[in-house]
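Participant: Quick one: this structure, given as structure tokens, is what I'll be asking you about.
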Protein chains: 4
Amino acid sequence: MTDYRKLVRRPDIDLIDITSANNMHAEMAIAAARAGKHVFCEKPLAMDLAEARKMVKAVEDAGVKHAICFNYRGAPAVALGKQIIAEGRIGQIFHWRGQYLQDWIVDPKFPLVWRLQKEVAGSGAHGDLIAHLIDTAHFLVGDIAEVVGDMRTFIKERPVMKATAGGLAAKAAKGKGKVTVDDASVFLARFKNGAVGTFEATRFAPGHKNYNFFEINGSKGSLRFCFERMNELEFYDRGDPSHLQGFRVIQATESTHPYVAAWWPPGHIIGYEHTFIHTIYNVANAIARNKMPSPNFYDGLKCQAVLEAAASSVKSGTWEKVRV
Amino acid sequence: MTDYRKLVRRPDIDLIDITSANNMHAEMAIAAARAGKHVFCEKPLAMDLAEARKMVKAVEDAGVKHAICFNYRGAPAVALGKQIIAEGRIGQIFHWRGQYLQDWIVDPKFPLVWRLQKEVAGSGAHGDLIAHLIDTAHFLVGDIAEVVGDMRTFIKERPVMKATAGGLAAKAAKGKGKVTVDDASVFLARFKNGAVGTFEATRFAPGHKNYNFFEINGSKGSLRFCFERMNELEFYDRGDPSHLQGFRVIQATESTHPYVAAWWPPGHIIGYEHTFIHTIYNVANAIARNKMPSPNFYDGLKCQAVLEAAASSVKSGTWEKVRV
Amino acid sequence: MTDYRKLVRRPDIDLIDITSANNMHAEMAIAAARAGKHVFCEKPLAMDLAEARKMVKAVEDAGVKHAICFNYRGAPAVALGKQIIAEGRIGQIFHWRGQYLQDWIVDPKFPLVWRLQKEVAGSGAHGDLIAHLIDTAHFLVGDIAEVVGDMRTFIKERPVMKATAGGLAAKAAKGKGKVTVDDASVFLARFKNGAVGTFEATRFAPGHKNYNFFEINGSKGSLRFCFERMNELEFYDRGDPSHLQGFRVIQATESTHPYVAAWWPPGHIIGYEHTFIHTIYNVANAIARNKMPSPNFYDGLKCQAVLEAAASSVKSGTWEKVRV
Amino acid sequence: MTDYRKLVRRPDIDLIDITSANNMHAEMAIAAARAGKHVFCEKPLAMDLAEARKMVKAVEDAGVKHAICFNYRGAPAVALGKQIIAEGRIGQIFHWRGQYLQDWIVDPKFPLVWRLQKEVAGSGAHGDLIAHLIDTAHFLVGDIAEVVGDMRTFIKERPVMKATAGGLAAKAAKGKGKVTVDDASVFLARFKNGAVGTFEATRFAPGHKNYNFFEINGSKGSLRFCFERMNELEFYDRGDPSHLQGFRVIQATESTHPYVAAWWPPGHIIGYEHTFIHTIYNVANAIARNKMPSPNFYDGLKCQAVLEAAASSVKSGTWEKVRV
């Protein structure tokens with residue numbers, strides 16, 4: 001069955017998981033909701049804020065459960081960070097520092113894939129990578145009040161690929177086409193709670209493959225995380241005796257850590273796919289208990305609002321308020 | 001079906017995978033071989049060298065394929081290390097430095113589980129952890145000629161557990177029982193090719209969860225690996241320009257790295273279970289092509305010979321030759 | 001001799017080194033220049049851009065040599081970074097990521113020292129820490145065209161200290177006084193060469209003591225440096241064979257590295273004071289050869305212009321051009 | 001004055017500092033002691049144990065103060081390790097793991113310098129590097145009861161240099177000469193307190209410049225140190241809450257850390273020479289107060305005894321008791 005319109009009407013399906021290109025999210029999610037299905041959608045929720053609002057309205061109108069795949073919340077080390085903050089060990093948060101660095105399109109010969117085309121992807125590093133950072137910041141720090149940012153497309157034209165069955169390589173390039181999304185996106189943020197935030201995402205940082213990094217500094221301590229070492233969380237505790245203070249590298253592989261009890265012995269790490277398993281576990285659990293999953297479309301909407309404010313600020317050249 | 005003797009006679013089974021406690025390996029493997037089944041056995045191959053020899057004879061007599069689960073060869077970073085050595089980038093090897101550090105039984109209240117009982121486990125850190133180091137050394141450096149070692153049981157008695165359904169905690173301890181295996185094992189090794197080796201394994205190293213570490217130093221460069229960051233390999237190349245030399249932290253997550261093309265994009269790491277998937281992939285592939293898998297019982301036997309020489313040297317107090 | 005006006009007239013002195021609080025730099029430097037002395041001044045050059053311009057005019061009018069103590073250029077690893085860029089190994093620069101993180105005033109009981117008073121210090125983290133980042137960015141990346149930033153004073157009042165002989169502790173606090181400088185400063189930058197920059201400095205990042213960090217990403221490779229490990233430079237080379245690429249941790253302690261030949265054997269590190277020794281070595285060498293030292297007042301002026309543009313942007317809420 | 005015999009008789013000198021090649025230590029130290037001077041000697045104390053004993057007798061007979069330059073005790077991070085152990089934070093020590101790795105003679109063209117000649121140096125990596133490890137182990141863990149070891153000379157002949165004024169390069173090599181010391185030395189140790197030790201030193205480990213490393217594992221925690229990052233100490237505390245345990249990277253640059261109050265602000269690191277400054281500070285302080293410095297000739301003697309036992313074990317092929 002390759003027609004989603006038929007799929008969403010199947011009576012033996014309760015939950016629709018949308019993992020298509022970004023420009024199909026709204027259409028599919030709305031159709032699924034209208035068919036009475038719970039909806040689980042990839043991030044970013046939508047192509048823009050208006051679309052996101054429509055999606056939220058659709059799931060609200062239908063009364064279905066909804067969820068969004070901000071899968072990095074499902075890394076045990078990130079969930080542990082949440083727990084440490086909830087335990088009051090970081091105190092008042094002063095700083096959020098988020099970076100999502102990759103390098104897969106540094107080569108000018110890399111072809112014009114769908115992720116580099118605005119009409120399919122909506123945006124580049126901004127919606128693909130910054131969206132993750134924003135959600136993690138929402139999860140761990142709180143809501144963002146206003147932002148000012150910049151974007152850059154370093155390589156403005158790339159080889160056009162002949163359609164192949166899934167392959168990325170431009171085997172038979174037919175001239176060049178225009179890159180219509182950002183290669184890099186940066187912005188400053190003012191959180192509602194007074195914290196100062198910096199956000200940066202790029203696909204032009206050689207040596208970084210999936211460097212989804214954040215650091216949080218608070219009055220009592222700090223947290224650091226990088227997805228390339230996703231089983232580790234660094235924690236600095238100002239409450240430690242003065243001569244013993246230092247960033248601790250916590251291996252988040254103990255059965256006392258979130259999600260880990262289901263997996264391997266300490267020090268035997270898990271990988272990327274487990275972030276999805278944990279996310280789906282949460283979604284399935286919530287739906288089974290008739291609860292709203294978290295994160296859900298409201299989180300997707302809030303993320304979209306920040307994305308949009310940041311994009312607007314690039315045009316206006318000044319701070320833009322985040323309007324959900 | 002819980003009786004392995006029936007299982008090995010089932011006509012619809014080609015390959016028997018033995019993951020029982022160490023004292024059942026020989027019996028099961030020999031039964032499987034005699035029933036004409038290919039055999040895939042957990043490490044260490046046997047309780048002792050004599051047993052290992054019987055197992056090798058059984059699979060040879062039966063003409064079946066055999067394999068042993070030295071799963072750490074299946075980590076892409078370890079396989080990349082092998083490739084780098086094969087490419088001649090390390091040169092003549094001077095040093096092997098292998099450490100396998102854990103800390104799960106530091107607490108004296110930790111109970112007397114089967115891994116701490118000689119009649120079931122054969123040995124402690126020695127057979128459980130050193131066995132892995134020996135195999136990796138065989139894989140990357142070569143054969144070992146002689147060894148001299150030491151072992152230690154730091155905590156000599158532990159709480160006895162009442163049998164529970166799989167639980168480790170000594171919920172209803174009935175007094176104390178004797179620990180009959182080593183908590184730690186160390187030895188020096190002379191490789192046949194002239195390299196100097198140090199081996200150390202312990203379950204008494206707080207902070208190390210599954211620190212399966214090796215370093216190799218050669219005339220042209222060095223390699224370092226630690227399983228807790230199993231997606232990374234460190235490589236030092238003396239051929240780099242003098243002012244640019246440094247250990248490179250290679251993220252072994254590129255599609256050009258061994259095994260990786262089947263998995264995630266660069267920087268999206270894999271975990272512990274993948275080492276088994278790759279190992280089984282190799283076993284299945286070899287059998288499907290009527291070839292002998294690698295590593296196999298000969299590797300298990302060779303490993304057992306080193307384990308036995310090291311154990312002997314603890315008793316004799318002097319260097320012992322490795323006799324396969 | 002405690003009166004600088006007398007000091008600058010002494011005939012046996014050729015060079016005046018100004019290390020007073022920031023609000024005395026201009027007055028002293030201008031007096032020294034008028035007395036025909038070469039001038040070596042601490043950073044930031046001045047309290048504001050207008051003052052910096054006067055200082056430049058004074059040294060130009062007097063025809064004396066001038067230098068500024070951006071001492072981090074004197075770290076061998078930073079100088080090595082410059083060399084690597086000059087060798088073309090980084091290529092076209094896409095990103096500058098500069099952070100200068102400290103934590104010495106996180107405690108609200110920390111007293112109102114001169115560095116927290118605008119009339120003496122000019123600014124807080126901005127002039128003290130960001131100034132260093134700007135200079136390193138100028139040194140390694142190039143000139144900055146425009147910026148937009150934000151500043152924050154997290155703790156607005158602090159205990160007033162009774163004057164003591166050099167001590168920082170507020171032994172006899174007499175009520176509270178107002179903090180009149182920034183605790184943290186962040187800005188985005190557009191370099192003239194098209195690179196995107198992020199700058200952040202704070203004194204509120206627990207666990208960071210003198211985390212003067214930068215990363216540069218270019219079309220051919222990347223560089224990373226952190227002063228807390230000031231003898232190391234990380235370098236990623238896209239020119240390495242694909243399966244061997246990784247960030248190299250270069251120990252900049254080889255005699256082939258800048259400044260190092262005068263010091264210890266490889267791996268025997270140097271410390272903070274050496275950055276000053278190398279800086280002074282450069283100043284003395286230049287003057288002895290009748291050449292203008294580098295960095296000098298022009299670099300100080302350029303840095304001041306960026307500081308001022310960033311400060312202006314905080315007020316205007318929009319991008320501000322850097323006007324030297 | 002280039003004749004030490006005259007020097008030791010000068011009435012205006014109280015303390016003789018011996019930094020000559022190893023084969024002159026005994027002669028000079030004994031002469032100094034007999035002249036009534038306090039003696040401060042480089043390590044290793046002597047060419048062999050017999051010589052060391054004579055030196056101890058000479059200083060005892062003369063009643064002078066004596067000290068030995070095990071300068072690594074003077075690294076703040078090492079002294080902090082001592083303090084942490086003294087505070088009971090490591091508990092009963094199970095493991096010592098000491099490695100001193102360098103790579104300066106991997107190149108076969110590196111010439112036959114004095115350090116490679118037994119009659120001048122006494123031994124190679126053994127006396128030069130292992131001596132440091134042994135002293136740190138004595139300092140932090142305790143006395144060693146018995147050892148078994150191995151040594152290797154990987155490159156047996158090297159170019160002979162024509163004498164030049166201090167240069168190392170074999171500019172005018174005159175054929176080859178025999179290397180008469182070890183390139184690498186390894187041994188296992190049994191500490192008197194039951195701890196298991198491994199020691200390794202080599203000059204054939206590419207990528208390691210001055211990797212003077214140790215790790216200590218105890219019932220309550222662990223410590224790690226590497227001289228290449230000499231301002232850092234890693235500490236793992238089993239007393240931390242279970243979900244927060246991790247190796248802390250302590251920057252030993254706080255004024256509350258040993259020796260640091262005299263130096264720079266936090267995070268502004270010190271270098272190699274400071275280990276000597278601290279050592280000399282201790283020597284001078286002790287002598288000024290008419291106390292015996294620590295470490296002193298007894299520590300040198302004890303170190304020599306372990307060196308000798310390890311060397312003997314290489315010949316005997318079995319465990320050798322350490323006899324002071």
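In the structure tokens, each chain is lettered A, B, ... as it comes, each chain's residues begin at 1, and ligands are numbered from 1 in order of appearance.
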Could you pull out the alpha helix (DSSP H) residues of range 19-104 of chain D, going by DSSP on the backbone, and write them as a PyMOL selection string?
Facilitator: chain D and resi 25-34+49-62+76-86
Participant: Emit the selected residues as a compact mmCIF listing (two decimals), in the first residue's frame, including N, CA and C atoms.
Facilitator:
# COMPACT_ATOMS: atom_id res chain seq x y z
N HIS D 25 76.87 10.58 39.86
CA HIS D 25 76.08 10.92 41.06
C HIS D 25 76.79 10.51 42.35
N ALA D 26 77.20 9.25 42.43
CA ALA D 26 77.75 8.72 43.68
C ALA D 26 79.01 9.50 44.07
N GLU D 27 79.91 9.58 43.15
CA GLU D 27 81.20 10.25 43.42
C GLU D 27 80.98 11.68 43.93
N MET D 28 80.15 12.40 43.24
CA MET D 28 79.90 13.80 43.60
C MET D 28 79.16 13.92 44.93
N ALA D 29 78.14 13.08 45.10
CA ALA D 29 77.33 13.17 46.32
C ALA D 29 78.18 12.83 47.54
N ILE D 30 79.00 11.82 47.41
CA ILE D 30 79.83 11.41 48.55
C ILE D 30 80.85 12.51 48.87
N ALA D 31 81.42 13.08 47.82
CA ALA D 31 82.37 14.18 48.04
C ALA D 31 81.69 15.36 48.72
N ALA D 32 80.48 15.68 48.27
CA ALA D 32 79.76 16.80 48.86
C ALA D 32 79.45 16.53 50.32
N ALA D 33 78.95 15.33 50.59
CA ALA D 33 78.60 14.99 51.97
C ALA D 33 79.84 15.07 52.86
N ARG D 34 80.93 14.51 52.37
CA ARG D 34 82.17 14.53 53.16
C ARG D 34 82.64 15.96 53.41
N LEU D 49 72.39 -0.54 43.09
CA LEU D 49 71.98 -0.52 44.49
C LEU D 49 73.18 -0.36 45.42
N ALA D 50 74.29 -1.02 45.07
CA ALA D 50 75.48 -0.94 45.92
C ALA D 50 75.94 0.51 46.04
N GLU D 51 75.97 1.17 44.92
CA GLU D 51 76.37 2.57 44.90
C GLU D 51 75.41 3.43 45.73
N ALA D 52 74.11 3.14 45.57
CA ALA D 52 73.11 3.89 46.32
C ALA D 52 73.33 3.74 47.82
N ARG D 53 73.65 2.51 48.21
CA ARG D 53 73.89 2.28 49.65
C ARG D 53 75.08 3.10 50.15
N LYS D 54 76.11 3.15 49.33
CA LYS D 54 77.29 3.95 49.73
C LYS D 54 76.92 5.42 49.89
N MET D 55 76.07 5.90 49.01
CA MET D 55 75.66 7.31 49.07
C MET D 55 74.87 7.58 50.34
N VAL D 56 73.96 6.65 50.66
CA VAL D 56 73.17 6.82 51.88
C VAL D 56 74.10 6.83 53.09
N LYS D 57 75.07 5.88 53.10
CA LYS D 57 76.00 5.83 54.23
C LYS D 57 76.77 7.15 54.34
N ALA D 58 77.18 7.69 53.21
CA ALA D 58 77.98 8.93 53.23
C ALA D 58 77.19 10.10 53.83
N VAL D 59 75.93 10.25 53.43
CA VAL D 59 75.15 11.37 53.98
C VAL D 59 74.81 11.13 55.45
N GLU D 60 74.61 9.85 55.79
CA GLU D 60 74.34 9.54 57.21
C GLU D 60 75.57 9.83 58.05
N ASP D 61 76.71 9.38 57.56
CA ASP D 61 77.95 9.60 58.31
C ASP D 61 78.24 11.09 58.49
N ALA D 62 77.94 11.82 57.44
CA ALA D 62 78.25 13.25 57.49
C ALA D 62 77.17 14.04 58.24
N PRO D 76 51.16 19.84 41.10
CA PRO D 76 50.02 20.00 42.01
C PRO D 76 49.01 18.86 41.92
N ALA D 77 48.78 18.36 40.72
CA ALA D 77 47.79 17.29 40.55
C ALA D 77 48.24 16.01 41.26
N VAL D 78 49.54 15.74 41.25
CA VAL D 78 50.05 14.55 41.93
C VAL D 78 49.95 14.75 43.45
N ALA D 79 50.31 15.93 43.89
CA ALA D 79 50.21 16.23 45.33
C ALA D 79 48.75 16.20 45.77
N LEU D 80 47.86 16.61 44.90
CA LEU D 80 46.43 16.53 45.21
C LEU D 80 45.99 15.07 45.33
N GLY D 81 46.54 14.23 44.45
CA GLY D 81 46.25 12.80 44.55
C GLY D 81 46.67 12.25 45.90
N LYS D 82 47.84 12.64 46.34
CA LYS D 82 48.32 12.22 47.66
C LYS D 82 47.33 12.66 48.75
N GLN D 83 46.89 13.89 48.65
CA GLN D 83 45.95 14.43 49.63
C GLN D 83 44.62 13.65 49.63
N ILE D 84 44.13 13.35 48.43
CA ILE D 84 42.87 12.62 48.31
C ILE D 84 42.98 11.23 48.95
N ILE D 85 44.12 10.59 48.72
CA ILE D 85 44.35 9.28 49.35
C ILE D 85 44.42 9.43 50.86
N ALA D 86 45.14 10.46 51.30
CA ALA D 86 45.27 10.68 52.76
C ALA D 86 43.92 10.99 53.40
Participant: Give me, as a PyMOL selection string, the residues of chain B touching chain D, with the criterion being at most 9 Å (counting only C-alpha atoms).
Facilitator: chain B and resi 94-95+106-107+148-152+154+184+186-190+194-198+200+202+204-207+216-222+235-238+245-247+316-319
Participant: Any chance you can output those residues with C-alpha atoms as a compact mmCIF listing (two decimals), in the first residue's frame?
Facilitator:
# COMPACT_ATOMS: atom_id res chain seq x y z
CA PHE B 94 56.91 -3.02 19.50
CA HIS B 95 54.18 -2.90 22.16
CA VAL B 106 34.05 -3.96 44.22
CA ASP B 107 31.29 -3.94 46.82
CA VAL B 148 54.49 -14.63 33.28
CA GLY B 149 51.62 -13.47 35.42
CA ASP B 150 49.90 -12.88 38.69
CA MET B 151 46.35 -13.19 39.95
CA ARG B 152 44.57 -11.89 42.98
CA PHE B 154 40.77 -9.37 46.80
CA ALA B 184 42.18 -9.67 38.81
CA VAL B 186 47.85 -9.60 34.97
CA PHE B 187 50.66 -10.92 32.84
CA LEU B 188 53.61 -9.94 30.72
CA ALA B 189 53.92 -11.48 27.29
CA ARG B 190 56.60 -12.03 24.71
CA GLY B 194 59.44 -9.62 19.31
CA ALA B 195 56.74 -7.32 20.63
CA VAL B 196 56.39 -6.78 24.37
CA GLY B 197 52.93 -7.22 25.81
CA THR B 198 51.18 -6.34 29.03
CA GLU B 200 45.57 -6.77 32.77
CA THR B 202 40.16 -6.70 36.84
CA PHE B 204 38.02 -3.96 40.90
CA ALA B 205 38.64 -0.72 39.02
CA PRO B 206 36.04 1.85 40.15
CA GLY B 207 34.88 4.07 37.32
CA ILE B 216 49.60 -0.86 19.90
CA ASN B 217 52.85 0.96 19.21
CA GLY B 218 54.82 0.27 16.06
CA SER B 219 57.69 1.72 14.10
CA LYS B 220 55.34 3.81 11.95
CA GLY B 221 52.47 4.64 14.25
CA SER B 222 50.16 3.73 17.07
CA PHE B 235 45.59 6.52 15.24
CA TYR B 236 48.96 8.22 15.30
CA ASP B 237 50.87 8.39 12.05
CA ARG B 238 54.61 9.08 12.14
CA GLN B 245 51.48 14.77 14.13
CA GLY B 246 48.94 13.86 16.77
CA PHE B 247 46.62 11.06 17.75
CA SER B 316 55.36 -21.64 38.97
CA GLY B 317 56.40 -18.04 39.50
CA THR B 318 58.28 -18.01 36.23
CA TRP B 319 57.79 -17.63 32.48
Participant: Just want the 8 Å neighbourhood of Arg323 in chain A, counted on only C-alpha atoms, with same-chain residues fewer than 6 positions away dropped. Output as a PDB file with N, CA, C and O atoms, in the first residue's frame.
Facilitator:
ATOM      1  N   ALA A 305       7.698  27.834  15.994  1.00  0.00           N
ATOM      2  CA  ALA A 305       7.599  29.269  16.251  1.00  0.00           C
ATOM      3  C   ALA A 305       8.987  29.896  16.434  1.00  0.00           C
ATOM      4  O   ALA A 305       9.249  31.014  15.976  1.00  0.00           O
ATOM      5  N   VAL A 306       9.858  29.168  17.090  1.00  0.00           N
ATOM      6  CA  VAL A 306      11.227  29.690  17.261  1.00  0.00           C
ATOM      7  C   VAL A 306      11.954  29.680  15.919  1.00  0.00           C
ATOM      8  O   VAL A 306      12.639  30.652  15.555  1.00  0.00           O
ATOM      9  N   ALA A 309      10.650  32.644  14.018  1.00  0.00           N
ATOM     10  CA  ALA A 309      11.155  33.916  14.551  1.00  0.00           C
ATOM     11  C   ALA A 309      12.613  34.121  14.146  1.00  0.00           C
ATOM     12  O   ALA A 309      13.014  35.224  13.751  1.00  0.00           O
TER      13      ALA A 309
END
Participant: As a ChimeraX atom specification, please: the residues near Ile280 in chain C (cut-off 10 Å, only C-alpha atoms, same-chain neighbours under 3 positions excluded).
Facilitator: /C:17,40,67-69,71,74,274-277,283-286,293
Participant: Filtering to N, CA and C atoms, could you give me those residues as a PDB file, in the first residue's frame?
Facilitator:
ATOM      1  N   ASP C  17      55.622  49.705  29.703  1.00  0.00           N
ATOM      2  CA  ASP C  17      54.673  48.590  29.700  1.00  0.00           C
ATOM      3  C   ASP C  17      53.519  48.952  30.622  1.00  0.00           C
ATOM      4  N   PHE C  40      53.894  49.632  25.254  1.00  0.00           N
ATOM      5  CA  PHE C  40      53.363  48.256  25.229  1.00  0.00           C
ATOM      6  C   PHE C  40      52.201  48.244  26.217  1.00  0.00           C
ATOM      7  N   ALA C  67      52.721  48.390  20.904  1.00  0.00           N
ATOM      8  CA  ALA C  67      52.357  46.970  20.950  1.00  0.00           C
ATOM      9  C   ALA C  67      51.239  46.793  21.960  1.00  0.00           C
ATOM     10  N   ILE C  68      50.471  45.724  21.774  1.00  0.00           N
ATOM     11  CA  ILE C  68      49.393  45.436  22.715  1.00  0.00           C
ATOM     12  C   ILE C  68      49.501  43.990  23.161  1.00  0.00           C
ATOM     13  N   CYS C  69      49.144  43.754  24.397  1.00  0.00           N
ATOM     14  CA  CYS C  69      49.404  42.438  24.991  1.00  0.00           C
ATOM     15  C   CYS C  69      48.239  41.468  24.779  1.00  0.00           C
ATOM     16  N   ASN C  71      48.165  38.341  24.614  1.00  0.00           N
ATOM     17  CA  ASN C  71      49.178  37.328  24.896  1.00  0.00           C
ATOM     18  C   ASN C  71      48.824  35.946  24.359  1.00  0.00           C
ATOM     19  N   GLY C  74      50.612  34.285  21.710  1.00  0.00           N
ATOM     20  CA  GLY C  74      51.920  33.739  22.076  1.00  0.00           C
ATOM     21  C   GLY C  74      51.883  32.286  22.514  1.00  0.00           C
ATOM     22  N   HIS C 274      54.280  31.736  29.902  1.00  0.00           N
ATOM     23  CA  HIS C 274      55.033  31.674  28.653  1.00  0.00           C
ATOM     24  C   HIS C 274      54.357  32.469  27.534  1.00  0.00           C
ATOM     25  N   THR C 275      53.038  32.578  27.601  1.00  0.00           N
ATOM     26  CA  THR C 275      52.379  33.387  26.554  1.00  0.00           C
ATOM     27  C   THR C 275      52.854  34.835  26.633  1.00  0.00           C
ATOM     28  N   PHE C 276      53.121  35.295  27.850  1.00  0.00           N
ATOM     29  CA  PHE C 276      53.650  36.652  28.010  1.00  0.00           C
ATOM     30  C   PHE C 276      55.118  36.726  27.583  1.00  0.00           C
ATOM     31  N   ILE C 277      55.859  35.711  27.947  1.00  0.00           N
ATOM     32  CA  ILE C 277      57.283  35.697  27.575  1.00  0.00           C
ATOM     33  C   ILE C 277      57.413  35.798  26.052  1.00  0.00           C
ATOM     34  N   VAL C 283      57.917  41.687  21.061  1.00  0.00           N
ATOM     35  CA  VAL C 283      57.996  43.147  21.171  1.00  0.00           C
ATOM     36  C   VAL C 283      59.452  43.598  21.194  1.00  0.00           C
ATOM     37  N   ALA C 284      60.226  42.949  22.033  1.00  0.00           N
ATOM     38  CA  ALA C 284      61.636  43.344  22.173  1.00  0.00           C
ATOM     39  C   ALA C 284      62.398  43.143  20.872  1.00  0.00           C
ATOM     40  N   ASN C 285      62.125  42.032  20.240  1.00  0.00           N
ATOM     41  CA  ASN C 285      62.781  41.733  18.969  1.00  0.00           C
ATOM     42  C   ASN C 285      62.451  42.768  17.906  1.00  0.00           C
ATOM     43  N   ALA C 286      61.186  43.118  17.825  1.00  0.00           N
ATOM     44  CA  ALA C 286      60.768  44.090  16.813  1.00  0.00           C
ATOM     45  C   ALA C 286      61.438  45.441  17.074  1.00  0.00           C
ATOM     46  N   PRO C 293      56.108  46.201  16.229  1.00  0.00           N
ATOM     47  CA  PRO C 293      55.662  44.910  16.766  1.00  0.00           C
ATOM     48  C   PRO C 293      54.287  44.548  16.237  1.00  0.00           C
TER      49      PRO C 293
END
Participant: So how far away is CA of Tyr272 in chain A from CA of Arg73 in chain A, in Å?
Facilitator: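 Here the two named atoms are 11.8 Å from each other.
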Participant: Extract, using only C-alpha atoms, all DNA, RNA and protein residues at most 7 Å from range 116-118 of chain C, discarding same-chain residues fewer than 5 positions from it, and format them as a PDB file with N, CA and C atoms, in the first residue's frame.
Facilitator:
ATOM      1  N   SER C 123      34.103  47.726  30.848  1.00  0.00           N
ATOM      2  CA  SER C 123      33.047  46.734  30.693  1.00  0.00           C
ATOM      3  C   SER C 123      33.479  45.489  31.443  1.00  0.00           C
ATOM      4  N   GLY C 124      32.670  44.438  31.372  1.00  0.00           N
ATOM      5  CA  GLY C 124      32.953  43.235  32.150  1.00  0.00           C
ATOM      6  C   GLY C 124      33.576  42.138  31.300  1.00  0.00           C
ATOM      7  N   VAL C 179      26.580  46.353  40.476  1.00  0.00           N
ATOM      8  CA  VAL C 179      27.454  45.860  39.411  1.00  0.00           C
ATOM      9  C   VAL C 179      27.104  46.645  38.157  1.00  0.00           C
ATOM     10  N   THR C 180      28.092  47.302  37.565  1.00  0.00           N
ATOM     11  CA  THR C 180      27.784  48.185  36.439  1.00  0.00           C
ATOM     12  C   THR C 180      28.378  47.680  35.119  1.00  0.00           C
ATOM     13  N   VAL C 181      28.827  46.441  35.128  1.00  0.00           N
ATOM     14  CA  VAL C 181      29.319  45.857  33.871  1.00  0.00           C
ATOM     15  C   VAL C 181      28.547  44.581  33.575  1.00  0.00           C
TER      16      VAL C 181
END
Participant: Just the residues within 8 Å of Ala252 in chain A, please, counting only C-alpha atoms, with nothing from its chain fewer than 2 positions along; format it as JSON, numbers by chain.
Facilitator: {"A": [76, 77, 80, 231, 232, 233, 250, 254, 257, 260], "D": [243]}
Participant: Just list the residues in range 38-283 of chain A DSSP gives strand (DSSP E) on the backbone, as a PyMOL selection string.
Facilitator: chain A and resi 38-41+66-68+93-101+144-152+157-159+176-178+184-191+196-202+211-218+221-226+232-237+247-251
Participant: So how far away is CA of Lys302 in chain A from CA of Arg115 in chain A, in Å?
Facilitator: 22.3 Å
Participant: What does the distance from CA of Thr136 in chain B to CA of Leu301 in chain B come to in Å, to one decimal?
Facilitator: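 It comes out at 14.0 Å.
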Participant: Neighbours of Asp14 in chain D within 10 Å (only C-alpha atoms; same-chain residues fewer than 5 positions away dropped), as a ChimeraX atom specification?
Facilitator: /D:8-9,32,35-39,64,287
Participant: For the selection just defined, write its residues with N, CA, C and O atoms to a file, as a short mmCIF file (atom, residue, chain, number, x, y, z; two decimals), in the first residue's frame.
Facilitator:
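Full text of out_8.cif as output:
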data_model
loop_
_atom_site.label_atom_id
_atom_site.label_comp_id
_atom_site.auth_asym_id
_atom_site.auth_seq_id
_atom_site.Cartn_x
_atom_site.Cartn_y
_atom_site.Cartn_z
N VAL D 8 82.72 21.73 45.99
CA VAL D 8 82.14 21.22 47.25
C VAL D 8 82.90 21.72 48.48
O VAL D 8 82.41 21.55 49.60
N ARG D 9 84.07 22.33 48.23
CA ARG D 9 84.81 22.85 49.40
C ARG D 9 84.57 24.33 49.63
O ARG D 9 85.07 24.88 50.61
N ALA D 32 80.48 15.68 48.27
CA ALA D 32 79.76 16.80 48.86
C ALA D 32 79.45 16.53 50.32
O ALA D 32 79.62 17.41 51.19
N ALA D 35 82.31 16.85 52.49
CA ALA D 35 82.67 18.26 52.69
C ALA D 35 81.64 18.97 53.56
O ALA D 35 81.70 20.20 53.72
N GLY D 36 80.67 18.20 54.06
CA GLY D 36 79.70 18.79 54.99
C GLY D 36 78.57 19.55 54.32
O GLY D 36 77.85 20.31 54.96
N LYS D 37 78.42 19.33 53.02
CA LYS D 37 77.35 20.02 52.30
C LYS D 37 76.08 19.16 52.30
O LYS D 37 76.15 17.94 52.20
N HIS D 38 74.95 19.83 52.33
CA HIS D 38 73.70 19.15 52.04
C HIS D 38 73.71 18.76 50.56
O HIS D 38 74.33 19.46 49.74
N VAL D 39 73.03 17.68 50.24
CA VAL D 39 73.10 17.18 48.86
C VAL D 39 71.70 16.97 48.28
O VAL D 39 70.84 16.37 48.91
N VAL D 64 74.49 15.21 57.02
CA VAL D 64 73.94 16.30 56.20
C VAL D 64 72.52 15.96 55.75
O VAL D 64 72.10 14.81 55.82
N ILE D 287 65.51 22.42 54.67
CA ILE D 287 66.86 22.72 55.16
C ILE D 287 66.84 23.97 56.05
O ILE D 287 67.46 24.00 57.12
#
